[in-house]
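What follows is one structure encoded as structure tokens, with my remarks underneath.
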Amino acid sequence: MKLPLELEIGKTYNIAFTRGRYEINYANHVTCIKITKKKYRLERKDGIEFLIDNDGVLEAKEIQVK
């Protein structure tokens, strides 16, 4: 079993995450803006915010924003 990945507030990532049992989504250039016990609040480059479960992150690659 793979341990969940941890994101850090203020850093920008390209991530793959699950929403539900069979759905895998991808998001590029998202910034973590808040962490709670069960969820991450992320913000896309265009300003849209969304929530994902902490244990739903499958892959996260930190990127450098210029």
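Each chain in the structure tokens gets a letter, A, B, ..., in the order shown, and its residues are numbered from 1; ligands are numbered from 1 in order too.
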So that I can check the surroundings of Lys38 in chain A, please list as number ranges by chain every protein, DNA and RNA residue that reaches within 6 Å of it, counting only C-alpha atoms and ignoring chain neighbours fewer than 2 positions away. A: 36, 53-54
List the spatial neighbours of Lys34 in chain A as a PyMOL selection string - criterion: any atom at most 9 Å away, only C-alpha atoms, same-chain residues fewer than 4 positions off excluded. chain A and resi 8-10+39-42
Would you kindly return, as a PyMOL selection string, each protein, DNA or RNA residue with an atom no farther than 10 Å from any atom of Arg19 in chain A, considering only C-alpha atoms and excluding same-chain residues fewer than 6 positions away? chain A and resi 25+51-53+56-57
Using DSSP assignments from the backbone, pull out every residue in chain A that falls under strand (DSSP E) and give it to me as a PyMOL selection string. chain A and resi 12-18+24-35+39-43+49-53+57-63
Same residues, C-alpha atoms, output as an mmCIF file, in the first residue's frame:
```cif
data_model
loop_
_atom_site.group_PDB
_atom_site.id
_atom_site.type_symbol
_atom_site.label_atom_id
_atom_site.label_comp_id
_atom_site.auth_asym_id
_atom_site.auth_seq_id
_atom_site.Cartn_x
_atom_site.Cartn_y
_atom_site.Cartn_z
ATOM 1 C CA THR A 12 2.844 24.879 -7.061
ATOM 2 C CA TYR A 13 2.358 21.354 -8.397
ATOM 3 C CA ASN A 14 1.304 19.222 -11.340
ATOM 4 C CA ILE A 15 -0.885 16.557 -9.728
ATOM 5 C CA ALA A 16 -2.843 13.417 -10.469
ATOM 6 C CA PHE A 17 -5.674 12.711 -8.038
ATOM 7 C CA THR A 18 -8.780 10.593 -7.593
ATOM 8 C CA ILE A 24 -8.581 9.928 -12.067
ATOM 9 C CA ASN A 25 -8.073 13.630 -12.810
ATOM 10 C CA TYR A 26 -4.987 15.657 -13.669
ATOM 11 C CA ALA A 27 -4.312 19.311 -12.893
ATOM 12 C CA ASN A 28 -1.319 21.388 -13.938
ATOM 13 C CA HIS A 29 -0.004 24.517 -12.208
ATOM 14 C CA VAL A 30 -2.138 24.279 -9.063
ATOM 15 C CA THR A 31 -1.117 25.981 -5.833
ATOM 16 C CA CYS A 32 -1.964 24.570 -2.416
ATOM 17 C CA ILE A 33 -3.622 27.354 -0.425
ATOM 18 C CA LYS A 34 -5.051 25.518 2.608
ATOM 19 C CA ILE A 35 -4.686 22.162 4.346
ATOM 20 C CA LYS A 39 -8.762 17.926 2.414
ATOM 21 C CA TYR A 40 -6.468 20.167 0.389
ATOM 22 C CA ARG A 41 -7.790 23.434 -1.074
ATOM 23 C CA LEU A 42 -6.035 24.066 -4.372
ATOM 24 C CA GLU A 43 -6.124 27.029 -6.727
ATOM 25 C CA GLU A 49 -10.407 26.870 -6.288
ATOM 26 C CA PHE A 50 -11.291 23.236 -5.617
ATOM 27 C CA LEU A 51 -11.012 20.640 -2.855
ATOM 28 C CA ILE A 52 -9.496 17.156 -2.983
ATOM 29 C CA ASP A 53 -9.098 14.500 -0.298
ATOM 30 C CA VAL A 57 -3.371 12.517 -4.351
ATOM 31 C CA LEU A 58 -1.740 9.841 -6.521
ATOM 32 C CA GLU A 59 1.189 11.811 -7.870
ATOM 33 C CA ALA A 60 2.505 15.324 -7.233
ATOM 34 C CA LYS A 61 5.431 16.977 -8.974
ATOM 35 C CA GLU A 62 6.543 20.323 -7.593
ATOM 36 C CA ILE A 63 7.241 22.912 -10.278
#
```
